[in-house]
$ cat start-v5.txt   # compact mmCIF, C-alpha atoms (C1' of nucleotides)
# COMPACT_ATOMS: atom_id res chain seq x y z
CA MET Z 159 167.63 102.47 -24.00
CA GLU Z 160 169.21 102.31 -20.61
CA GLU Z 161 172.34 104.20 -19.60
CA ILE Z 162 175.38 102.55 -18.14
CA LYS Z 163 175.19 102.66 -14.36
CA THR Z 164 177.85 105.10 -13.29
CA PHE Z 165 177.63 107.02 -10.06
CA GLU Z 166 176.54 110.16 -11.86
CA ASN Z 167 173.92 108.42 -13.98
CA ILE Z 168 172.36 106.82 -10.97
CA CYS Z 169 172.19 110.18 -9.21
CA ASN Z 170 170.34 111.52 -12.21
CA LEU Z 171 168.10 108.49 -12.19
CA LEU Z 172 167.20 109.33 -8.59
CA ARG Z 173 166.41 112.91 -9.54
CA ASN Z 174 164.34 111.75 -12.52
CA HIS Z 175 162.21 109.78 -10.11
CA SER Z 176 161.99 112.89 -7.90
CA TYR Z 177 164.13 111.44 -5.20
CA LYS Z 178 166.73 113.70 -3.64
CA VAL Z 179 170.42 112.95 -3.88
CA THR Z 180 171.46 113.03 -0.24
CA PRO Z 181 174.94 112.34 1.16
CA GLN Z 182 173.58 109.16 2.78
CA ARG Z 183 172.28 107.82 -0.53
CA GLN Z 184 175.55 108.72 -2.18
CA THR Z 185 177.54 106.86 0.42
CA ILE Z 186 175.36 103.78 0.10
CA LEU Z 187 175.60 103.91 -3.66
CA GLN Z 188 179.36 104.26 -3.54
CA THR Z 189 179.55 101.27 -1.24
CA PHE Z 190 177.74 99.16 -3.79
CA LEU Z 191 179.97 100.40 -6.59
CA GLU Z 192 182.96 99.28 -4.53
CA HIS Z 193 181.40 95.83 -4.08
CA VAL Z 194 179.74 95.09 -7.41
CA ASP Z 195 180.50 91.40 -7.03
CA ARG Z 196 178.92 90.99 -3.58
CA HIS Z 197 175.40 90.26 -2.42
CA LEU Z 198 175.07 92.52 0.59
CA SER Z 199 172.37 92.51 3.23
CA ALA Z 200 171.02 95.74 4.71
CA GLU Z 201 172.91 95.08 7.91
CA GLU Z 202 176.16 94.56 6.00
CA VAL Z 203 175.65 97.75 4.04
CA TYR Z 204 174.98 99.53 7.31
CA MET Z 205 178.31 98.34 8.73
CA LEU Z 206 180.19 99.37 5.60
CA VAL Z 207 178.70 102.84 5.29
CA LYS Z 208 179.21 103.57 9.00
CA HIS Z 209 182.95 103.72 8.33
CA GLN Z 210 182.46 106.59 5.95
CA ASN Z 211 179.60 108.20 7.80
CA PRO Z 212 179.06 107.05 11.41
CA GLU Z 213 175.97 109.22 11.74
CA ILE Z 214 173.91 107.23 9.29
CA GLY Z 215 170.89 105.35 10.62
CA LEU Z 216 169.83 101.79 9.90
CA ALA Z 217 166.36 102.86 8.79
CA THR Z 218 167.93 105.14 6.21
CA VAL Z 219 169.86 102.21 4.80
CA TYR Z 220 166.69 100.16 4.50
CA ARG Z 221 164.84 103.03 2.85
CA SER Z 222 167.65 103.74 0.41
CA LEU Z 223 167.96 100.11 -0.63
CA ASP Z 224 164.21 100.04 -1.23
CA ILE Z 225 164.42 103.06 -3.48
CA LEU Z 226 167.46 101.84 -5.40
CA ALA Z 227 165.68 98.56 -6.03
CA GLU Z 228 162.53 100.37 -7.09
CA ILE Z 229 164.32 102.42 -9.74
CA GLY Z 230 166.14 99.36 -11.03
CA VAL Z 231 169.65 100.03 -9.74
CA LEU Z 232 169.69 97.14 -7.31
CA LEU Z 233 168.10 93.71 -7.30
CA LYS Z 234 166.58 92.38 -4.10
CA ASN Z 235 167.29 88.70 -3.55
CA ASP Z 236 166.15 86.13 -1.06
CA PHE Z 237 168.69 83.38 -0.58
CA GLY Z 238 166.84 81.79 2.30
CA ASP Z 239 169.12 83.01 5.07
CA GLY Z 240 166.43 85.15 6.63
CA ARG Z 241 167.49 88.53 5.27
CA SER Z 242 167.20 90.22 1.89
CA ARG Z 243 170.38 90.61 -0.10
CA TYR Z 244 170.98 93.27 -2.72
CA GLU Z 245 173.17 93.17 -5.79
CA PHE Z 246 173.97 95.62 -8.50
CA SER Z 247 171.70 94.98 -11.47
CA ARG Z 248 173.78 95.01 -14.63
CA LYS Z 249 172.08 96.52 -17.61
CA ASP Z 250 173.28 93.93 -20.11
CA GLU Z 251 170.92 91.17 -19.08
CA HIS Z 252 167.47 90.81 -20.59
CA HIS Z 253 166.67 88.06 -18.14
CA HIS Z 254 168.33 87.92 -14.77
CA HIS Z 255 170.91 85.35 -13.89
CA HIS Z 256 170.61 82.57 -11.35
CA HIS Z 257 172.52 81.84 -8.17
CA LEU Z 258 174.72 79.09 -6.82
CA ILE Z 259 174.54 79.25 -3.04
CA CYS Z 260 177.16 77.46 -0.97
CA LEU Z 261 175.56 75.72 1.99
CA ARG Z 262 178.79 75.84 3.95
CA CYS Z 263 180.36 79.29 3.55
CA GLY Z 264 177.30 81.11 2.25
CA ASP Z 265 179.13 82.40 -0.78
CA VAL Z 266 176.92 83.24 -3.72
CA SER Z 267 178.19 82.86 -7.26
CA GLU Z 268 176.30 83.45 -10.42
CA PHE Z 269 175.16 81.54 -13.41
CA ASP Z 270 173.68 82.90 -16.60
CA ASP Z 271 171.27 81.12 -18.79
CA ASP Z 272 168.40 81.71 -21.11
CA TRP Z 273 166.70 78.40 -21.60
CA LEU Z 274 164.11 79.16 -18.92
CA GLU Z 275 162.31 81.37 -21.40
CA SER Z 276 161.36 78.55 -23.70
CA LEU Z 277 160.17 76.61 -20.71
CA GLU Z 278 157.96 79.50 -19.68
CA THR Z 279 156.02 79.23 -22.91
CA VAL Z 280 155.30 75.58 -22.23
CA ILE Z 281 154.19 76.26 -18.68
CA THR Z 282 151.95 79.14 -19.67
CA LYS Z 283 150.02 76.90 -22.05
CA ARG Z 284 149.98 73.78 -19.94
CA ASN Z 285 149.07 75.37 -16.61
CA HIS Z 286 147.10 78.47 -17.68
CA PHE Z 287 149.51 80.61 -15.70
CA LYS Z 288 150.88 83.91 -16.96
CA ILE Z 289 154.51 84.02 -15.89
CA VAL Z 290 156.08 87.42 -15.27
CA ASP Z 291 159.19 86.41 -13.36
CA HIS Z 292 161.16 83.42 -12.21
CA ASP Z 293 163.71 82.55 -9.60
CA LEU Z 294 166.12 79.65 -9.80
CA LYS Z 295 168.60 78.77 -7.09
CA PHE Z 296 171.05 75.93 -6.79
CA TYR Z 297 172.26 74.89 -3.36
CA GLY Z 298 175.47 72.97 -2.90
CA TYR Z 299 179.14 73.32 -2.14
CA CYS Z 300 181.54 75.70 -3.81
CA HIS Z 301 184.93 74.61 -5.07
CA LYS Z 302 186.78 75.72 -1.93
CA CYS Z 303 184.41 74.11 0.55
CA GLU Z 304 184.13 70.91 -1.43
CA GLU Z 305 187.92 70.53 -1.22
CA THR Z 306 188.11 70.95 2.54
CA LEU Z 307 185.11 68.85 3.45
CA MET N 93 162.19 51.56 -0.03
CA GLU N 94 159.82 54.07 1.45
CA GLU N 95 156.37 53.35 2.77
CA ILE N 96 153.28 55.15 1.63
CA LYS N 97 152.55 57.99 3.99
CA THR N 98 149.46 56.98 5.89
CA PHE N 99 148.74 58.30 9.35
CA GLU N 100 149.90 55.08 10.96
CA ASN N 101 153.11 54.84 8.95
CA ILE N 102 154.09 58.35 9.86
CA CYS N 103 153.46 57.62 13.53
CA ASN N 104 155.80 54.68 13.24
CA LEU N 105 158.30 56.86 11.42
CA LEU N 106 158.23 59.23 14.40
CA ARG N 107 158.83 56.33 16.80
CA ASN N 108 161.66 55.02 14.61
CA HIS N 109 163.37 58.36 15.02
CA SER N 110 162.72 58.14 18.78
CA TYR N 111 160.17 60.89 18.75
CA LYS N 112 157.06 60.37 20.80
CA VAL N 113 153.62 60.20 19.24
CA THR N 114 151.76 62.85 21.21
CA PRO N 115 148.16 63.95 20.71
CA GLN N 116 149.45 67.34 19.53
CA ARG N 117 151.60 65.78 16.83
CA GLN N 118 148.72 63.55 15.80
CA THR N 119 146.39 66.51 15.45
CA ILE N 120 148.92 68.44 13.38
CA LEU N 121 149.54 65.43 11.18
CA GLN N 122 145.85 64.85 10.68
CA THR N 123 145.44 68.48 9.68
CA PHE N 124 148.02 68.04 6.95
CA LEU N 125 146.38 64.84 5.75
CA GLU N 126 143.13 66.78 5.43
CA HIS N 127 144.89 69.47 3.38
CA VAL N 128 147.37 67.56 1.21
CA ASP N 129 146.93 70.07 -1.58
CA ARG N 130 147.69 73.17 0.51
CA HIS N 131 150.90 74.95 1.43
CA LEU N 132 150.27 75.88 5.03
CA SER N 133 152.25 78.26 7.21
CA ALA N 134 152.87 77.53 10.90
CA GLU N 135 150.36 80.19 11.85
CA GLU N 136 147.73 78.65 9.55
CA VAL N 137 148.35 75.20 10.98
CA TYR N 138 148.02 76.71 14.45
CA MET N 139 144.61 78.13 13.61
CA LEU N 140 143.41 74.85 12.11
CA VAL N 141 144.55 72.63 14.96
CA LYS N 142 143.11 74.96 17.58
CA HIS N 143 139.64 73.91 16.41
CA GLN N 144 140.36 70.32 17.37
CA ASN N 145 142.53 71.11 20.36
CA PRO N 146 142.31 74.66 21.74
CA GLU N 147 144.99 73.90 24.36
CA ILE N 148 147.76 73.54 21.81
CA GLY N 149 150.57 76.10 21.85
CA LEU N 150 152.16 77.90 18.91
CA ALA N 151 155.66 76.78 19.86
CA THR N 152 154.50 73.19 19.74
CA VAL N 153 153.27 73.70 16.20
CA TYR N 154 156.63 75.13 15.14
CA ARG N 155 158.49 72.27 16.83
CA SER N 156 156.28 69.62 15.30
CA LEU N 157 156.63 71.05 11.81
CA ASP N 158 160.40 71.07 12.26
CA ILE N 159 160.40 67.42 13.23
CA LEU N 160 158.05 66.35 10.45
CA ALA N 161 160.27 68.13 7.94
CA GLU N 162 163.37 66.55 9.45
CA ILE N 163 162.04 63.02 9.04
CA GLY N 164 160.92 63.73 5.49
CA VAL N 165 157.16 63.87 5.96
CA LEU N 166 156.85 67.56 5.16
CA LEU N 167 158.75 69.91 2.88
CA LYS N 168 159.58 73.39 4.10
CA ASN N 169 159.15 76.04 1.42
CA ASP N 170 159.95 79.71 1.17
CA PHE N 171 157.66 81.48 -1.27
CA GLY N 172 158.92 84.92 -0.36
CA ASP N 173 155.95 86.02 1.71
CA GLY N 174 157.96 86.18 4.91
CA ARG N 175 156.90 82.91 6.43
CA SER N 176 157.79 79.27 5.83
CA ARG N 177 155.16 77.12 4.22
CA TYR N 178 154.93 73.37 4.57
CA GLU N 179 153.55 70.82 2.19
CA PHE N 180 153.16 67.07 2.29
CA SER N 181 156.11 65.47 0.57
CA ARG N 182 154.86 62.78 -1.76
CA LYS N 183 157.06 59.74 -1.96
CA ASP N 184 156.78 59.25 -5.70
CA GLU N 185 159.12 62.03 -6.70
CA HIS N 186 162.85 61.53 -7.02
CA HIS N 187 163.31 65.23 -7.48
CA HIS N 188 160.89 67.72 -6.06
CA HIS N 189 158.48 69.71 -8.13
CA HIS N 190 158.47 73.45 -8.72
CA HIS N 191 155.95 76.12 -7.85
CA LEU N 192 153.82 78.63 -9.70
CA ILE N 193 153.07 81.46 -7.30
CA CYS N 194 150.28 83.88 -8.09
CA LEU N 195 151.31 87.44 -7.31
CA ARG N 196 147.73 88.51 -6.83
CA CYS N 197 145.92 85.88 -4.77
CA GLY N 198 148.98 84.08 -3.42
CA ASP N 199 147.75 80.73 -4.63
CA VAL N 200 150.48 78.16 -5.17
CA SER N 201 150.15 75.52 -7.85
CA GLU N 202 152.65 72.92 -8.82
CA PHE N 203 154.67 71.95 -11.78
CA ASP N 204 156.70 68.79 -12.31
CA ASP N 205 159.75 68.52 -14.42
CA ASP N 206 163.02 66.67 -14.63
CA TRP N 207 165.16 68.59 -17.06
CA LEU N 208 166.95 70.47 -14.28
CA GLU N 209 168.99 67.36 -13.59
CA SER N 210 170.79 67.43 -16.89
CA LEU N 211 171.47 71.09 -16.36
CA GLU N 212 173.01 70.36 -12.98
CA THR N 213 175.66 68.24 -14.62
CA VAL N 214 176.63 71.11 -16.88
CA ILE N 215 176.79 73.58 -14.01
CA THR N 216 178.82 71.26 -11.83
CA LYS N 217 181.50 71.02 -14.50
CA ARG N 218 181.42 74.60 -15.67
CA ASN N 219 181.32 76.32 -12.27
CA HIS N 220 183.09 73.78 -10.04
CA PHE N 221 180.06 73.72 -7.81
CA LYS N 222 178.65 70.54 -6.32
CA ILE N 223 174.89 70.87 -6.46
CA VAL N 224 172.83 69.06 -3.85
CA ASP N 225 169.51 70.82 -4.24
CA HIS N 226 167.68 73.34 -6.33
CA ASP N 227 164.70 75.60 -6.07
CA LEU N 228 162.77 76.97 -9.01
CA LYS N 229 159.85 79.34 -8.66
CA PHE N 230 157.72 81.06 -11.26
CA TYR N 231 155.85 84.21 -10.33
CA GLY N 232 152.87 85.40 -12.31
CA TYR N 233 149.11 85.34 -12.43
CA CYS N 234 146.93 82.28 -12.15
CA HIS N 235 144.07 81.59 -14.52
CA LYS N 236 141.43 83.09 -12.23
CA CYS N 237 143.30 86.32 -11.48
CA GLU N 238 144.38 86.80 -15.05
CA GLU N 239 140.70 86.75 -16.10
CA THR N 240 139.60 89.38 -13.61
CA LEU N 241 142.50 91.75 -14.01
C1' DT A 298 149.40 47.25 34.86
C1' DC A 299 152.16 50.54 36.79
C1' DC A 300 156.73 53.08 37.33
C1' DA A 301 160.66 55.77 36.19
C1' DT A 302 162.43 58.96 33.29
C1' DA A 303 163.63 61.36 29.37
C1' DT A 304 160.81 63.82 26.19
C1' DT A 305 157.42 67.09 25.26
C1' DT A 306 154.29 70.79 26.16
C1' DG A 307 152.63 75.51 26.98
C1' DC A 308 153.69 79.74 28.61
C1' DT A 309 156.57 83.60 28.43
C1' DA A 310 160.49 86.08 27.16
C1' DT A 311 163.69 86.90 23.59
C1' DT A 312 165.94 87.32 19.00
C1' DA A 313 166.20 89.14 14.48
C1' DT A 314 164.67 91.47 10.37
C1' DA A 315 162.11 95.00 8.88
C1' DT A 316 158.74 98.87 9.02
C1' DG A 317 156.14 102.93 11.16
C1' DT A 318 156.22 107.45 13.58
C1' DC A 319 157.59 112.05 14.02
C1' DA A 320 160.26 116.17 15.09
C1' DA A 321 164.37 118.15 13.27
C1' DA A 322 167.38 118.70 9.38
C1' DT A 323 168.15 119.43 4.53
C1' DG A 324 168.20 119.10 -0.75
C1' DC A 325 166.09 121.45 -4.48
C1' DT A 326 163.14 124.60 -7.24
C1' DG A 327 161.84 129.05 -8.21
C1' DC O 155 168.75 132.33 -0.99
C1' DA O 156 164.27 131.30 0.85
C1' DG O 157 160.37 128.20 1.31
C1' DC O 158 158.90 123.73 1.58
C1' DA O 159 158.33 119.05 0.63
C1' DT O 160 161.43 115.35 1.28
C1' DT O 161 164.53 112.93 4.09
C1' DT O 162 166.91 111.68 8.16
C1' DG O 163 167.79 109.52 12.73
C1' DA O 164 166.14 107.88 16.92
C1' DC O 165 162.86 105.11 18.88
C1' DA O 166 158.88 102.30 18.99
C1' DT O 167 156.49 98.68 16.83
C1' DA O 168 155.33 94.46 13.95
C1' DT O 169 156.09 89.83 12.79
C1' DA O 170 158.22 85.24 12.40
C1' DA O 171 160.63 82.19 14.84
C1' DT O 172 163.37 80.40 18.75
C1' DA O 173 164.94 79.81 23.72
C1' DG O 174 164.17 78.72 28.65
C1' DC O 175 161.86 76.42 32.10
C1' DA O 176 158.56 74.13 35.24
C1' DA O 177 154.78 71.00 34.74
C1' DA O 178 152.75 67.24 32.18
C1' DT O 179 153.16 62.93 29.66
C1' DA O 180 154.44 58.95 26.30
C1' DT O 181 156.95 54.86 26.44
C1' DG O 182 159.99 50.87 27.58
C1' DG O 183 160.77 47.83 31.18
C1' DA O 184 159.58 45.63 35.87
$ encode --input "start-v5.txt" --output "structure tokens"
Amino acid sequence: MEEIKTFENICNLLRNHSYKVTPQRQTILQTFLEHVDRHLSAEEVYMLVKHQNPEIGLATVYRSLDILAEIGVLLKNDFGDGRSRYEFSRKDEHHHHHHLICLRCGDVSEFDDDWLESLETVITKRNHFKIVDHDLKFYGYCHKCEETL
Amino acid sequence: MEEIKTFENICNLLRNHSYKVTPQRQTILQTFLEHVDRHLSAEEVYMLVKHQNPEIGLATVYRSLDILAEIGVLLKNDFGDGRSRYEFSRKDEHHHHHHLICLRCGDVSEFDDDWLESLETVITKRNHFKIVDHDLKFYGYCHKCEETL
DNA sequence: TCCATATTTGCTATTATATGTCAAATGCTG
DNA sequence: CAGCATTTGACATATAATAGCAAATATGGA
């Protein structure tokens, strides 16, 4: 039974994992709550939080993102652009969604689906491989870029 | 109409793209032909080729792998371990295969399937996204590691 | 066969993302 | 509110990959 991810609940989640709720972590968290739809890199988060707190260090951002991913608040993604990108993990998905990555503007949209599960059963039997996670990405051109090509 | 990828045919392919057939490129190519089943990183290729030609430089390996990928001889993969891994691209696949990555020993096995194509049609219509490529990875434990866990 | 030249090589320096170190600062429990 | 383990920020370091450049070389044409 997971709680809805409000600011307060996530702070408690931090405390429950014996992590301290520092102003830096709060700022970073708030930044993500203001950009639930984005897939931010550490560097991008760093830029955003510096507006609210110019004293914050890059290493702190990296460490905070690590922790938030560890306790299940964020998901760490690799879209092949050489840096990790984090997104808010919504509680209402039993299996995570997949991504549509635009090769032109870099925009990432999302795509939900469940049929991979049935496939996993087949693979497990056929290849003697115990699957614990999967990652599906589609590369192409988003509506906007396709129009102006 | 693509030729079968023998050593000689790939050398000609290089020449057709106005790339020179240097001893370094030959050594690297030979190394891949001797390890068709592996998914080698640039660093691993570097180590292997140094046995045959200790004079070879790391930058040359990177450049050669780039070229071989560009002309379709190799496929560049990202398995999330922080380095690119290259594999021989076999001509007999219209769509590329997918990978089963062992989280314990790092072994990569392969898995062929076609059903993603029909899904692409659905996504294209539903999300207004023109798909040109996809990438599916399964993470888990291979037969060997699962036994000794 | 040899020449001319554009390509390629190897070395080194550099970029970029991310992590490690450590003294100083600080959230939290009692 | 006091003590202390955790956390922070600055800097150094690690690692993958690329850039720059002089010297070496593969190749098409004489």
$ atom_distance --input "start-v5.txt" --atom1 "atom CA of N:Arg175" --atom2 "atom CA of N:Pro115"
25.3 Å
$ interface_residues --input "start-v5.txt" --of "chain N" --to "chain Z" --cutoff "8 Å" --atoms "all atoms listed in the file" --output "short mmCIF file (atom, residue, chain, number, x, y, z; two decimals) with C-alpha atoms, keeping the file's coordinate frame"
data_model
loop_
_atom_site.label_atom_id
_atom_site.label_comp_id
_atom_site.auth_asym_id
_atom_site.auth_seq_id
_atom_site.Cartn_x
_atom_site.Cartn_y
_atom_site.Cartn_z
CA ASP N 170 159.95 79.71 1.17
CA GLY N 172 158.92 84.92 -0.36
CA LEU N 192 153.82 78.63 -9.70
CA HIS N 220 183.09 73.78 -10.04
CA PHE N 221 180.06 73.72 -7.81
CA LYS N 222 178.65 70.54 -6.32
CA ILE N 223 174.89 70.87 -6.46
CA VAL N 224 172.83 69.06 -3.85
CA ASP N 225 169.51 70.82 -4.24
CA HIS N 226 167.68 73.34 -6.33
CA ASP N 227 164.70 75.60 -6.07
CA LEU N 228 162.77 76.97 -9.01
CA LYS N 229 159.85 79.34 -8.66
CA PHE N 230 157.72 81.06 -11.26
CA TYR N 231 155.85 84.21 -10.33
CA GLY N 232 152.87 85.40 -12.31
CA TYR N 233 149.11 85.34 -12.43
CA CYS N 234 146.93 82.28 -12.15
CA HIS N 235 144.07 81.59 -14.52
CA GLU N 238 144.38 86.80 -15.05
#
$ interface_residues --input "start-v5.txt" --of "chain A" --to "chain N" --cutoff "9 Å" --atoms "only C-alpha atoms (C1' of nucleotides)" --output "PyMOL selection string"
chain A and resi 304-308
$ closest_residue --input "start-v5.txt" --among "O:DG157, O:DT169, O:DG163, O:DA180" --to "chain Z" --atoms "only C-alpha atoms (C1' of nucleotides)"
O:DG163
$ interface_residues --input "start-v5.txt" --of "chain O" --to "chain N" --cutoff "12 Å" --atoms "all atoms listed in the file" --output "list of chain:residue names"
O:DT169, O:DA170, O:DA171, O:DT172, O:DA173, O:DA178, O:DT179, O:DA180, O:DT181, O:DG182
